[in-house]
$ cat my_file23.cif   # mmCIF, C-alpha atoms
data_protein
#
loop_
_atom_site.label_atom_id
_atom_site.label_comp_id
_atom_site.auth_asym_id
_atom_site.auth_seq_id
_atom_site.Cartn_x
_atom_site.Cartn_y
_atom_site.Cartn_z
CA ALA A 1 -39.75 -26.34 -23.95
CA GLY A 2 -37.90 -23.39 -25.35
CA ASN A 3 -34.99 -23.27 -27.74
CA SER A 4 -32.14 -24.65 -25.62
CA GLY A 5 -30.16 -27.83 -26.01
CA GLY A 6 -32.06 -29.20 -23.05
CA SER A 7 -34.08 -31.69 -25.08
CA ARG A 8 -30.83 -33.39 -26.06
CA CYS A 9 -29.76 -33.92 -22.44
CA VAL A 10 -30.68 -37.00 -20.45
CA GLY A 11 -30.39 -37.96 -16.81
CA PRO A 12 -31.36 -36.22 -13.58
CA ILE A 13 -30.87 -32.49 -13.16
CA MET A 14 -28.10 -31.81 -10.65
CA THR A 15 -27.35 -28.69 -8.60
CA SER A 16 -27.27 -25.47 -10.56
CA LEU A 17 -23.92 -24.15 -11.75
CA PRO A 18 -22.75 -20.56 -11.22
CA LEU A 19 -24.49 -18.06 -13.46
CA SER A 20 -23.05 -14.86 -14.88
CA ILE A 21 -24.22 -12.25 -17.38
CA LEU A 22 -23.00 -10.85 -20.67
CA ASP A 23 -24.51 -7.37 -20.98
CA LEU A 24 -24.43 -5.87 -24.48
CA ALA A 25 -25.47 -2.40 -23.24
CA THR A 26 -28.29 -2.47 -25.76
CA VAL A 27 -29.41 0.89 -27.16
CA GLU A 28 -33.09 1.15 -27.91
CA GLU A 29 -34.47 2.33 -31.25
CA ASP A 30 -34.56 5.96 -30.09
CA GLY A 31 -30.77 5.86 -29.83
CA ASP A 32 -30.52 7.01 -26.20
CA VAL A 33 -27.00 5.83 -25.30
CA GLY A 34 -27.10 7.43 -21.86
CA ALA A 35 -30.20 5.41 -20.98
CA ALA A 36 -28.52 2.22 -22.19
CA LEU A 37 -25.49 2.82 -19.97
CA ALA A 38 -27.69 3.63 -16.99
CA HIS A 39 -29.57 0.40 -17.64
CA SER A 40 -26.26 -1.51 -17.55
CA VAL A 41 -25.75 -0.21 -14.02
CA GLU A 42 -29.25 -1.41 -13.12
CA ILE A 43 -28.51 -4.85 -14.59
CA ALA A 44 -25.24 -5.14 -12.66
CA ARG A 45 -26.89 -4.13 -9.39
CA ALA A 46 -29.66 -6.68 -9.94
CA ALA A 47 -27.04 -9.30 -10.79
CA GLU A 48 -25.11 -8.52 -7.61
CA ALA A 49 -28.28 -8.73 -5.48
CA GLY A 50 -29.37 -11.94 -7.22
CA GLY A 51 -26.17 -13.92 -6.73
CA TYR A 52 -24.71 -13.88 -10.23
CA ARG A 53 -20.94 -14.35 -10.16
CA ARG A 54 -19.84 -11.77 -12.74
CA VAL A 55 -20.97 -9.41 -15.49
CA TRP A 56 -19.05 -9.14 -18.75
CA TYR A 57 -19.20 -6.45 -21.45
CA ALA A 58 -18.28 -7.01 -25.08
CA GLU A 59 -16.22 -4.79 -27.36
CA HIS A 60 -18.20 -4.02 -30.52
CA HIS A 61 -17.70 -1.13 -32.92
CA ASN A 62 -19.87 0.67 -35.47
CA MET A 63 -23.06 -0.91 -34.11
CA SER A 64 -25.69 1.63 -33.12
CA ALA A 65 -27.52 -0.90 -30.95
CA ILE A 66 -24.50 -1.67 -28.69
CA ALA A 67 -22.96 0.90 -26.34
CA SER A 68 -20.09 -1.15 -24.87
CA SER A 69 -17.40 -0.23 -27.43
CA ALA A 70 -15.24 1.55 -24.82
CA THR A 71 -15.35 -1.57 -22.68
CA ALA A 72 -12.86 -0.59 -19.96
CA VAL A 73 -14.61 2.75 -19.44
CA LEU A 74 -17.96 1.03 -19.00
CA ILE A 75 -16.47 -1.49 -16.56
CA ALA A 76 -15.03 1.38 -14.49
CA HIS A 77 -18.42 3.10 -14.38
CA VAL A 78 -20.29 -0.04 -13.35
CA ALA A 79 -17.63 -0.98 -10.78
CA ALA A 80 -18.05 2.42 -9.13
CA HIS A 81 -21.80 1.78 -8.78
CA THR A 82 -21.56 -1.79 -7.42
CA GLU A 83 -19.77 -3.31 -4.46
CA ARG A 84 -18.54 -6.85 -4.98
CA ILE A 85 -19.66 -8.54 -8.20
CA GLY A 86 -16.91 -9.57 -10.63
CA LEU A 87 -16.64 -7.42 -13.76
CA GLY A 88 -14.77 -7.97 -16.98
CA ALA A 89 -14.61 -8.02 -20.72
CA GLY A 90 -16.32 -10.71 -22.68
CA GLY A 91 -14.34 -9.74 -24.49
CA ILE A 92 -11.68 -7.35 -25.54
CA MET A 93 -10.84 -7.97 -29.20
CA LEU A 94 -7.08 -8.00 -28.82
CA PRO A 95 -6.23 -7.54 -32.54
CA ASN A 96 -7.71 -4.04 -32.18
CA HIS A 97 -5.18 -3.00 -29.52
CA SER A 98 -1.61 -3.21 -28.35
CA PRO A 99 -1.19 -5.53 -25.34
CA LEU A 100 0.47 -2.67 -23.44
CA VAL A 101 -2.59 -0.42 -23.70
CA ILE A 102 -4.91 -3.21 -22.53
CA ALA A 103 -2.55 -4.08 -19.66
CA GLU A 104 -2.60 -0.44 -18.56
CA GLN A 105 -6.39 -0.17 -18.82
CA PHE A 106 -7.19 -3.36 -16.94
CA GLY A 107 -4.29 -2.89 -14.55
CA THR A 108 -5.83 0.45 -13.62
CA LEU A 109 -9.22 -1.20 -13.11
CA ALA A 110 -7.63 -3.91 -10.96
CA GLU A 111 -5.90 -1.34 -8.76
CA LEU A 112 -9.15 0.62 -8.35
CA HIS A 113 -11.27 -2.49 -7.67
CA PRO A 114 -8.99 -5.26 -6.30
CA GLY A 115 -10.18 -8.81 -6.85
CA ARG A 116 -13.13 -7.83 -9.02
CA ILE A 117 -11.63 -7.41 -12.51
CA GLU A 118 -10.98 -10.05 -15.18
CA LEU A 119 -10.20 -9.96 -18.86
CA GLY A 120 -11.73 -12.09 -21.60
CA LEU A 121 -9.86 -11.96 -24.91
CA GLY A 122 -11.11 -12.59 -28.43
CA ARG A 123 -9.35 -12.84 -31.78
CA ALA A 124 -12.08 -11.40 -34.03
CA PRO A 125 -12.07 -7.65 -34.79
CA GLY A 126 -15.61 -7.25 -33.43
CA SER A 127 -16.50 -5.01 -36.35
CA ASP A 128 -16.61 -4.77 -40.14
CA MET A 129 -13.48 -4.24 -42.22
CA ALA A 130 -14.10 -0.52 -42.72
CA THR A 131 -14.19 -0.10 -38.94
CA PHE A 132 -11.11 -2.29 -38.59
CA ARG A 133 -9.24 0.11 -40.86
CA ALA A 134 -10.57 3.07 -38.84
CA LEU A 135 -9.01 1.46 -35.77
CA ARG A 136 -5.66 1.73 -37.61
CA ARG A 137 -4.92 -1.96 -37.33
CA SER A 138 -3.39 -4.19 -39.99
CA HIS A 139 -4.97 -7.28 -41.53
CA SER A 140 -2.25 -9.41 -39.96
CA ALA A 141 -3.11 -8.36 -36.38
CA ALA A 142 -5.26 -11.43 -35.74
CA GLU A 143 -2.37 -13.71 -36.72
CA SER A 144 -0.32 -12.51 -33.74
CA PHE A 145 -3.14 -13.18 -31.26
CA PRO A 146 -1.36 -16.05 -29.40
CA ALA A 147 1.84 -14.00 -29.03
CA ASP A 148 -0.16 -10.95 -27.96
CA VAL A 149 -1.94 -12.95 -25.26
CA LEU A 150 1.43 -14.08 -23.89
CA GLU A 151 2.77 -10.53 -24.02
CA LEU A 152 -0.30 -9.24 -22.18
CA GLN A 153 0.03 -11.96 -19.55
CA GLN A 154 3.66 -10.99 -19.00
CA LEU A 155 2.82 -7.29 -18.70
CA LEU A 156 0.26 -8.11 -15.98
CA GLY A 157 2.69 -10.37 -14.14
CA THR A 158 5.80 -9.73 -12.06
CA GLU A 159 8.59 -11.00 -14.30
CA LEU A 160 10.73 -8.34 -15.98
CA PRO A 161 9.90 -8.20 -19.70
CA ARG A 162 12.71 -8.67 -22.18
CA THR A 163 11.92 -5.33 -23.80
CA ALA A 164 12.26 -3.43 -20.49
CA VAL A 165 8.75 -2.04 -21.07
CA ASN A 166 6.38 -2.29 -18.13
CA ALA A 167 2.69 -1.59 -17.77
CA TYR A 168 2.13 1.05 -15.09
CA PRO A 169 -0.51 0.44 -13.78
CA GLY A 170 -0.77 -3.24 -14.64
CA ARG A 171 2.47 -4.84 -13.54
CA GLY A 172 1.88 -7.32 -10.73
CA THR A 173 -1.91 -7.17 -10.87
CA ARG A 174 -2.18 -10.62 -12.48
CA VAL A 175 -5.62 -9.83 -13.89
CA PRO A 176 -7.16 -13.24 -14.66
CA LEU A 177 -7.38 -13.97 -18.40
CA VAL A 178 -10.04 -15.97 -20.26
CA ILE A 179 -9.86 -17.02 -23.92
CA LEU A 180 -13.11 -16.43 -25.81
CA GLY A 181 -14.01 -18.21 -29.01
CA SER A 182 -16.49 -20.01 -31.21
CA SER A 183 -14.07 -22.27 -33.08
CA MET A 184 -11.44 -24.93 -32.49
CA PHE A 185 -8.69 -22.30 -32.61
CA GLY A 186 -9.73 -20.68 -29.32
CA ALA A 187 -10.21 -24.08 -27.68
CA SER A 188 -6.69 -25.15 -28.69
CA LEU A 189 -5.09 -21.91 -27.54
CA ALA A 190 -6.88 -21.87 -24.17
CA ALA A 191 -5.85 -25.48 -23.57
CA GLN A 192 -2.25 -24.83 -24.57
CA LEU A 193 -1.92 -21.75 -22.34
CA GLY A 194 -3.80 -23.30 -19.42
CA LEU A 195 -6.48 -20.61 -19.35
CA PRO A 196 -10.27 -20.78 -18.87
CA TYR A 197 -12.25 -21.01 -22.11
CA ALA A 198 -15.53 -19.25 -22.89
CA PHE A 199 -17.50 -20.54 -25.88
CA ALA A 200 -19.82 -18.04 -27.59
CA SER A 201 -22.71 -20.49 -27.96
CA HIS A 202 -25.21 -17.67 -27.37
CA PHE A 203 -24.70 -16.56 -31.00
CA SER A 204 -22.46 -19.18 -32.65
CA PRO A 205 -23.74 -22.58 -31.49
CA GLN A 206 -22.36 -24.90 -34.15
CA LEU A 207 -19.09 -26.19 -32.62
CA LEU A 208 -19.96 -26.00 -28.93
CA THR A 209 -19.60 -29.64 -27.89
CA GLN A 210 -16.61 -30.35 -30.16
CA ALA A 211 -14.68 -27.30 -28.96
CA VAL A 212 -15.32 -27.96 -25.29
CA ALA A 213 -14.27 -31.62 -25.59
CA HIS A 214 -11.14 -30.56 -27.49
CA TYR A 215 -10.26 -28.03 -24.79
CA ARG A 216 -10.75 -30.46 -21.91
CA GLU A 217 -8.77 -33.25 -23.57
CA ARG A 218 -5.76 -31.05 -24.34
CA PHE A 219 -5.70 -28.76 -21.30
CA GLN A 220 -2.26 -28.01 -19.84
CA PRO A 221 -2.39 -26.93 -16.17
CA SER A 222 -1.07 -23.46 -15.36
CA GLU A 223 -0.51 -21.26 -12.33
CA GLN A 224 -3.74 -19.38 -13.00
CA SER A 225 -5.81 -22.48 -13.80
CA PRO A 226 -4.68 -25.87 -12.46
CA GLU A 227 -7.86 -27.39 -13.93
CA PRO A 228 -9.83 -26.67 -17.12
CA TYR A 229 -12.74 -24.27 -16.72
CA VAL A 230 -15.47 -23.80 -19.31
CA PHE A 231 -17.91 -20.94 -19.65
CA ALA A 232 -20.77 -21.47 -22.13
CA GLY A 233 -22.96 -18.67 -23.44
CA VAL A 234 -26.73 -19.17 -23.40
CA ASN A 235 -29.63 -16.83 -24.12
CA VAL A 236 -32.34 -16.43 -21.51
CA VAL A 237 -35.88 -15.12 -21.79
CA ALA A 238 -37.50 -15.42 -18.37
CA ALA A 239 -40.93 -14.09 -17.43
CA GLU A 240 -43.56 -14.65 -14.76
CA THR A 241 -45.18 -17.45 -16.78
CA ASP A 242 -44.04 -19.86 -19.48
CA SER A 243 -46.54 -18.44 -21.97
CA ALA A 244 -45.42 -14.86 -21.33
CA ALA A 245 -41.81 -15.88 -21.89
CA GLU A 246 -42.67 -17.70 -25.13
CA SER A 247 -44.48 -14.62 -26.43
CA MET A 248 -41.52 -12.46 -25.42
CA PHE A 249 -39.11 -14.75 -27.26
CA VAL A 250 -41.11 -14.44 -30.49
CA ARG A 251 -40.74 -10.66 -30.24
CA ALA A 252 -37.05 -10.90 -29.36
CA GLU A 253 -36.35 -13.23 -32.27
CA LEU A 254 -38.14 -10.93 -34.71
CA GLU A 255 -36.22 -7.91 -33.37
CA ARG A 256 -32.95 -9.80 -33.86
CA VAL A 257 -33.88 -10.50 -37.49
CA ARG A 258 -34.97 -6.89 -38.03
CA ARG A 259 -31.76 -5.39 -36.65
CA PHE A 260 -29.41 -7.73 -38.48
CA LEU A 261 -31.17 -7.41 -41.84
CA SER A 262 -31.37 -3.61 -41.47
CA ARG A 263 -27.58 -3.29 -41.57
CA GLY A 264 -26.34 -1.49 -44.65
CA ARG A 265 -29.82 -0.32 -45.66
CA ASP A 266 -30.89 3.28 -46.11
CA ARG A 267 -33.53 2.84 -43.41
CA GLU A 268 -34.38 0.37 -40.66
CA LEU A 269 -36.77 -2.42 -41.59
CA THR A 270 -40.21 -2.35 -40.00
CA ALA A 271 -41.36 -5.28 -37.88
CA ASP A 272 -43.70 -6.39 -40.68
CA GLU A 273 -40.88 -6.31 -43.24
CA ALA A 274 -38.65 -8.32 -40.90
CA ALA A 275 -41.41 -10.87 -40.33
CA ALA A 276 -41.72 -11.33 -44.10
CA LEU A 277 -37.97 -12.10 -44.24
CA SER A 278 -37.89 -14.33 -41.18
CA ASP A 279 -38.13 -17.59 -43.14
CA THR A 280 -35.66 -16.64 -45.86
CA PRO A 281 -32.19 -18.26 -45.73
CA ALA A 282 -30.78 -15.08 -44.17
CA GLY A 283 -33.59 -14.92 -41.61
CA ARG A 284 -33.20 -18.58 -40.67
CA GLN A 285 -29.46 -18.11 -40.25
CA ILE A 286 -30.05 -15.26 -37.79
CA ARG A 287 -32.65 -17.24 -35.88
CA GLU A 288 -30.24 -20.17 -35.65
CA MET A 289 -27.95 -17.92 -33.59
CA LEU A 290 -30.57 -18.24 -30.81
CA ARG A 291 -30.53 -22.05 -30.85
CA TYR A 292 -29.49 -22.20 -27.21
CA THR A 293 -32.13 -20.17 -25.39
CA ALA A 294 -33.78 -20.96 -22.08
CA ILE A 295 -37.38 -19.75 -22.27
CA GLY A 296 -40.01 -19.81 -19.55
CA GLY A 297 -41.03 -18.97 -16.04
CA ARG A 298 -38.64 -19.35 -13.13
CA ASP A 299 -38.89 -23.14 -12.81
CA ARG A 300 -38.69 -23.98 -16.49
CA VAL A 301 -35.75 -21.63 -17.05
CA ARG A 302 -33.94 -23.34 -14.20
CA GLU A 303 -34.53 -26.75 -15.75
CA GLU A 304 -33.43 -25.62 -19.19
CA LEU A 305 -30.28 -23.90 -17.89
CA ASP A 306 -29.28 -26.97 -15.87
CA ALA A 307 -29.91 -29.23 -18.85
CA PHE A 308 -27.92 -26.95 -21.16
CA ALA A 309 -25.00 -26.84 -18.70
CA LYS A 310 -24.89 -30.62 -18.66
CA TYR A 311 -25.13 -30.80 -22.45
CA ALA A 312 -22.36 -28.21 -22.87
CA ASP A 313 -20.13 -29.78 -20.17
CA ALA A 314 -19.79 -26.28 -18.72
CA ASP A 315 -18.51 -25.17 -15.33
CA GLU A 316 -20.38 -21.85 -15.53
CA LEU A 317 -23.03 -20.30 -17.75
CA ILE A 318 -22.80 -16.81 -19.21
CA THR A 319 -26.41 -15.75 -19.66
CA VAL A 320 -27.46 -13.21 -22.27
CA HIS A 321 -30.89 -11.86 -21.46
CA ALA A 322 -32.54 -11.44 -24.83
CA ALA A 323 -35.86 -9.87 -23.85
CA PRO A 324 -36.83 -6.98 -26.16
CA THR A 325 -37.17 -4.07 -23.69
CA PRO A 326 -35.00 -2.84 -20.80
CA ALA A 327 -37.73 -3.51 -18.23
CA GLU A 328 -38.23 -7.05 -19.53
CA ARG A 329 -34.47 -7.73 -19.52
CA LEU A 330 -34.19 -6.55 -15.93
CA GLU A 331 -37.10 -8.77 -14.92
CA SER A 332 -35.51 -11.72 -16.76
CA VAL A 333 -32.25 -11.15 -14.86
CA ARG A 334 -34.12 -11.16 -11.55
CA LEU A 335 -36.25 -14.22 -12.29
CA ALA A 336 -33.32 -16.34 -13.50
CA ALA A 337 -30.98 -15.23 -10.71
CA PRO A 338 -29.25 -17.97 -8.67
CA GLY A 339 -30.75 -16.45 -5.55
CA ALA A 340 -34.21 -16.78 -7.09
CA ARG A 341 -33.55 -20.39 -8.15
CA ARG A 342 -32.96 -21.91 -4.72
#
$ encode --input "my_file23.cif" --output "structure tokens"
Amino acid sequence: AGNSGGSRCVGPIMTSLPLSILDLATVEEDGDVGAALAHSVEIARAAEAGGYRRVWYAEHHNMSAIASSATAVLIAHVAAHTERIGLGAGGIMLPNHSPLVIAEQFGTLAELHPGRIELGLGRAPGSDMATFRALRRSHSAAESFPADVLELQQLLGTELPRTAVNAYPGRGTRVPLVILGSSMFGASLAAQLGLPYAFASHFSPQLLTQAVAHYRERFQPSEQSPEPYVFAGVNVVAAETDSAAESMFVRAELERVRRFLSRGRDRELTADEAAALSDTPAGRQIREMLRYTAIGGRDRVREELDAFAKYADADELITVHAAPTPAERLESVRLAAPGARR
């Protein structure tokens, strides 16, 4: 029954939780970035029509397969081509930026699209160390992440900052913040600051249940979030039939192995070469990233998503549609949509 944590969940399936999407703006092998960005607009429109709550875009650098590096620019483009769906970063890697610049970027977005913009924040650089140096950031930038989050929150608020520096635009927009993470650090910080917490279980599943329990137990209410709120990432491969989805997942898993093991090589691995490496320690480690994946037709995906939400103790699921081609991803988004699941 797929690759999700559903088999570990017991009890009756309750009503479905809100669903959202993390769109990686995936670039196909031919390297057509324009097509990838156009596809992101298609995904967002389908998400809006299907009843998803929000679409997030992740900041990654120096990765030819991901076109969302200029995250705020992509959000602005998608917002201009949609009407009401929430849009945000999942996330901005704050060590790569000054809080002032991010406050100005997302403050501008919030003024252009009131009530639709939010800001997920991560502590990792989202790149390799060579790229980190190219971003002109220091190795100590991640250590100031908690202070930078507070500074950013202040810049987006209405209180006068001690430094007499304001974000224009940004000041007074109160763009909602979310802490992203895959470790106990993010869970602790989100709880301490009274912010929603998004766990990256779609690619780093190991500490999901421990981190969520830690966050809920230690949560301190805040003006933005009187109660704890947990997002959990989960991969989805939905197709017209269970067997079609299972076949699609095999292809998606192999493509994940191929792309990851091609990094740093003079040429991309072929599918046959990747298949030969699939059961090596490196291949198994990459496949383990997809541990939480809902696979199947409409009904089975619904069951697996509901079971995973219960297992993760999540308030909302961030779905990552892992089908190999743009057309298949779009179809997966439509089949798994909340509107399609009623």
$ atom_distance --input "my_file23.cif" --atom1 "CA of Phe219 (chain A)" --atom2 "CA of Tyr57 (chain A)"
26.1 Å
$ residues_around --input "my_file23.cif" --residues "Arg258 (chain A)" --least-positions-apart "6" --cutoff "9 Å" --atoms "all atoms listed in the file" --output "ChimeraX atom specification"
/A:268-271,273-275,277-278,283
$ atom_distance --input "my_file23.cif" --atom1 "CA of Ala25 (chain A)" --atom2 "CA of Ala80 (chain A)"
16.7 Å
$ residues_around --input "my_file23.cif" --residues "region 139-150 of chain A" --least-positions-apart "5" --cutoff "7 Å" --atoms "only C-alpha atoms" --output "ChimeraX atom specification"
/A:94-95,99,123
$ residues_around --input "my_file23.cif" --residues "Val73 (chain A)" --least-positions-apart "2" --cutoff "12 Å" --atoms "all atoms listed in the file" --output "list in words"
Leu37, Tyr57, Ala58, Glu59, Ala67, Ser68, Ser69, Ala70, Thr71, Ile75, Ala76, His77, Val78, Ala79, Ala80, Leu87, Gly88, Ala89, Ile102, Gln105, Phe106, Thr108 and Leu109 of chain A
$ resolve_selection --input "my_file23.cif" --expression "the PyMOL selection byres ((chain A and resi 238) around 7)" --output "list in words"
Val236, Val237, Ala239, Ala245, Ile295, Gly296, Gly297, Arg298, Val301, Ser332, Leu335 and Ala336 of chain A
$ resolve_selection --input "my_file23.cif" --expression "the PyMOL selection byres ((chain A and resi 230) around 6)" --output "VMD selection string"
chain A and resid 197 to 198 229 231 314 to 315
$ write_last_selection --input "my_file23.cif" --atoms "C-alpha atoms" --output "tab-separated table (two decimals), keeping the file's coordinate frame"
chain	number	residue	atom	x	y	z
A	197	TYR	CA	-12.25	-21.01	-22.11
A	198	ALA	CA	-15.53	-19.25	-22.89
A	229	TYR	CA	-12.74	-24.27	-16.72
A	231	PHE	CA	-17.91	-20.94	-19.65
A	314	ALA	CA	-19.79	-26.28	-18.72
A	315	ASP	CA	-18.51	-25.17	-15.33
$ resolve_selection --input "my_file23.cif" --expression "the PyMOL selection byres ((chain A and resi 234) around 10)" --output "ChimeraX atom specification"
/A:4-5,21-22,199-203,205,231-233,235-236,290-294,305,308-309,317-322
